[in-house]
Amino acid sequence: MKLKIIVSDFDNTFYTAEYEKNVQLIKSFIEKGNKFIIATGRPIYLLKPDIEDYNLDCSYIVCNDGGVIFDSEGKRIFEENIDKEVAKEVYELLSKDDNFEEVFIDTALNFSKDINDTFNAILALPKDKKIAQKQIDELMKKYPSIQGYISHRWLNILNKNSSKGNAIKMLMNMNNWSYDDVITIGDNYNDVSMLENFNSFIIKGDKNIEDKAKYVVNNFKEMLEIIDEGN
């Protein structure tokens, strides 16, 4: 049987009200000789509590929207950090800004407020998201080596080259996988890079990005049913 690799966003895609059922479905998928990869905007230390009790067999975990990749043993095999001097300036600007309640350095392994640590990402909790969007737009103009977006709660700042799509391509090269092997599924703007150019699925919801995927589905289970029909 031909190998299949599912690369799934976590929150609101795999991690939903149907999470336990999705876990069982993916375990059956893996038992058939296939592979499963999580690609999330979450840092590893906020992801672990929601996966460790379920014994998920992930071949890789992509965290921080592609900023860091862990293998099945939890070892970092890749990271794309923000330039240190740029990161320090951005961190200090946000820390002094009244629009942000909290600002953290994401070292790829934990939260920090020590500017001597590695900046894999910067997370800031805005009081007003509309103001924060204008602020990140200005920061990206001033510092072309970074990118930023606002998730459900946080302003996320990363190296400009970090993306879920780039992380997947790196894993494809490492493992000699082809585009035909890889199936991706997500639900939000930070998933677009892994929806384009792949055999992709998007969870129905955001009409502005539904055209980025090949299929629009209601849930993770529906994607697996379509995959099985294609066999």
# chains A, B, ... in the order shown; residues from 1 in each chain; ligands from 1

call {"tool": "residues_around", "arguments": {"residues": "Leu56 (chain A)", "least_positions_apart": "6", "cutoff": "9 Å", "atoms": "only C-alpha atoms", "output": "MDAnalysis selection string"}}
result
chainID A and resid 23 26:27 36

call {"tool": "residues_around", "arguments": {"residues": "Lys130 (chain A)", "least_positions_apart": "3", "cutoff": "12 Å", "atoms": "only C-alpha atoms", "output": "ChimeraX atom specification"}}
result
/A:99,126-127,133-137,149-150,155

call {"tool": "closest_atom_pairs", "arguments": {"of": "region 104-179 of chain A", "to": "region 61-64 of chain A", "cutoff": "9 Å", "atoms": "only C-alpha atoms", "output": "JSON lines"}}
result
{"residue": "A:Asp106", "atom": "CA", "partner": "A:Asn64", "partner_atom": "CA", "distance": 8.8}
{"residue": "A:Ala108", "atom": "CA", "partner": "A:Asn64", "partner_atom": "CA", "distance": 7.7}
{"residue": "A:Asn120", "atom": "CA", "partner": "A:Asn64", "partner_atom": "CA", "distance": 8.0}
{"residue": "A:Ala121", "atom": "CA", "partner": "A:Asn64", "partner_atom": "CA", "distance": 7.2}
{"residue": "A:Asn156", "atom": "CA", "partner": "A:Asn64", "partner_atom": "CA", "distance": 8.8}
{"residue": "A:Leu158", "atom": "CA", "partner": "A:Asn64", "partner_atom": "CA", "distance": 8.0}
{"residue": "A:Ser162", "atom": "CA", "partner": "A:Asn64", "partner_atom": "CA", "distance": 8.4}
{"residue": "A:Ser163", "atom": "CA", "partner": "A:Asn64", "partner_atom": "CA", "distance": 8.5}
{"residue": "A:Lys164", "atom": "CA", "partner": "A:Val62", "partner_atom": "CA", "distance": 7.3}
{"residue": "A:Ala167", "atom": "CA", "partner": "A:Val62", "partner_atom": "CA", "distance": 7.2}
{"residue": "A:Ile168", "atom": "CA", "partner": "A:Val62", "partner_atom": "CA", "distance": 8.5}

call {"tool": "write_last_selection", "arguments": {"atoms": "N, CA, C and O atoms", "output": "compact mmCIF listing (two decimals), in the first residue's frame"}}
result
# COMPACT_ATOMS: atom_id res chain seq x y z
N ASP A 106 9.91 33.25 23.33
CA ASP A 106 9.74 31.81 23.16
C ASP A 106 11.08 31.25 22.70
O ASP A 106 11.53 31.53 21.60
N ALA A 108 11.81 28.20 22.06
CA ALA A 108 11.51 26.93 21.39
C ALA A 108 11.29 25.82 22.39
O ALA A 108 10.71 24.80 22.06
N ASN A 120 13.23 32.23 19.43
CA ASN A 120 12.61 31.49 18.34
C ASN A 120 11.34 32.20 17.89
O ASN A 120 10.98 32.20 16.72
N ALA A 121 10.67 32.83 18.86
CA ALA A 121 9.47 33.62 18.58
C ALA A 121 9.28 34.62 19.72
O ALA A 121 9.90 34.50 20.78
N ASN A 156 1.89 37.01 17.43
CA ASN A 156 3.00 36.07 17.22
C ASN A 156 4.01 36.67 16.26
O ASN A 156 3.63 37.07 15.14
N LEU A 158 7.75 35.94 14.31
CA LEU A 158 8.65 34.85 13.93
C LEU A 158 9.68 35.36 12.93
O LEU A 158 9.56 36.45 12.38
N SER A 162 10.11 31.40 8.51
CA SER A 162 9.41 30.31 9.20
C SER A 162 8.00 30.15 8.66
O SER A 162 7.26 31.13 8.56
N SER A 163 7.64 28.93 8.31
CA SER A 163 6.27 28.63 7.91
C SER A 163 6.05 27.13 7.99
O SER A 163 7.00 26.34 7.90
N LYS A 164 4.81 26.76 8.14
CA LYS A 164 4.49 25.33 8.16
C LYS A 164 4.83 24.69 6.82
O LYS A 164 5.32 23.56 6.77
N ALA A 167 8.53 24.02 6.56
CA ALA A 167 8.89 22.90 7.43
C ALA A 167 8.54 21.57 6.77
O ALA A 167 9.32 20.61 6.82
N ILE A 168 7.37 21.51 6.15
CA ILE A 168 6.97 20.27 5.48
C ILE A 168 7.92 19.95 4.32
O ILE A 168 8.34 18.80 4.15

call {"tool": "closest_residue", "arguments": {"among": "A:Phe198, A:Phe111, A:Phe70, A:Phe78", "to": "Leu46 (chain A)", "atoms": "only C-alpha atoms"}}
result
A:Phe111

call {"tool": "residues_around", "arguments": {"residues": "Ser8 (chain A)", "least_positions_apart": "6", "cutoff": "6 Å", "atoms": "only C-alpha atoms", "output": "PyMOL selection string"}}
result
chain A and resi 38-39+184-185

call {"tool": "write_last_selection", "arguments": {"atoms": "all heavy atoms", "output": "PDB file, in the first residue's frame"}}
result
ATOM      1  N   ILE A  38       2.061  16.627  13.424  1.00  0.00           N
ATOM      2  CA  ILE A  38       1.351  17.815  13.889  1.00  0.00           C
ATOM      3  C   ILE A  38       2.138  19.046  13.462  1.00  0.00           C
ATOM      4  O   ILE A  38       3.365  19.099  13.621  1.00  0.00           O
ATOM      5  CB  ILE A  38       1.182  17.806  15.422  1.00  0.00           C
ATOM      6  CG1 ILE A  38       0.191  16.717  15.831  1.00  0.00           C
ATOM      7  CG2 ILE A  38       0.712  19.177  15.928  1.00  0.00           C
ATOM      8  CD1 ILE A  38       0.080  16.529  17.337  1.00  0.00           C
ATOM      9  N   ALA A  39       1.443  20.038  12.919  1.00  0.00           N
ATOM     10  CA  ALA A  39       2.060  21.328  12.572  1.00  0.00           C
ATOM     11  C   ALA A  39       1.208  22.419  13.207  1.00  0.00           C
ATOM     12  O   ALA A  39       0.077  22.660  12.785  1.00  0.00           O
ATOM     13  CB  ALA A  39       2.131  21.507  11.055  1.00  0.00           C
ATOM     14  N   THR A 184      -2.348  17.524   3.715  1.00  0.00           N
ATOM     15  CA  THR A 184      -2.354  18.541   4.771  1.00  0.00           C
ATOM     16  C   THR A 184      -3.778  18.981   5.090  1.00  0.00           C
ATOM     17  O   THR A 184      -4.656  18.965   4.236  1.00  0.00           O
ATOM     18  CB  THR A 184      -1.528  19.776   4.355  1.00  0.00           C
ATOM     19  OG1 THR A 184      -2.114  20.366   3.180  1.00  0.00           O
ATOM     20  CG2 THR A 184      -0.081  19.400   4.068  1.00  0.00           C
ATOM     21  N   ILE A 185      -3.959  19.402   6.355  1.00  0.00           N
ATOM     22  CA  ILE A 185      -5.267  19.902   6.771  1.00  0.00           C
ATOM     23  C   ILE A 185      -5.086  20.999   7.816  1.00  0.00           C
ATOM     24  O   ILE A 185      -4.247  20.895   8.705  1.00  0.00           O
ATOM     25  CB  ILE A 185      -6.176  18.769   7.307  1.00  0.00           C
ATOM     26  CG1 ILE A 185      -7.565  19.334   7.698  1.00  0.00           C
ATOM     27  CG2 ILE A 185      -5.527  18.024   8.463  1.00  0.00           C
ATOM     28  CD1 ILE A 185      -8.613  18.269   7.962  1.00  0.00           C
TER      29      ILE A 185
END

call {"tool": "select_by_dssp", "arguments": {"residues": "region 25-228 of chain A", "states": "helix (DSSP H, G or I)", "output": "VMD selection string"}}
result
chain A and resid 25 to 31 44 to 54 64 to 66 84 to 95 129 to 142 164 to 175 179 to 181 189 to 195 210 to 212 220 to 228
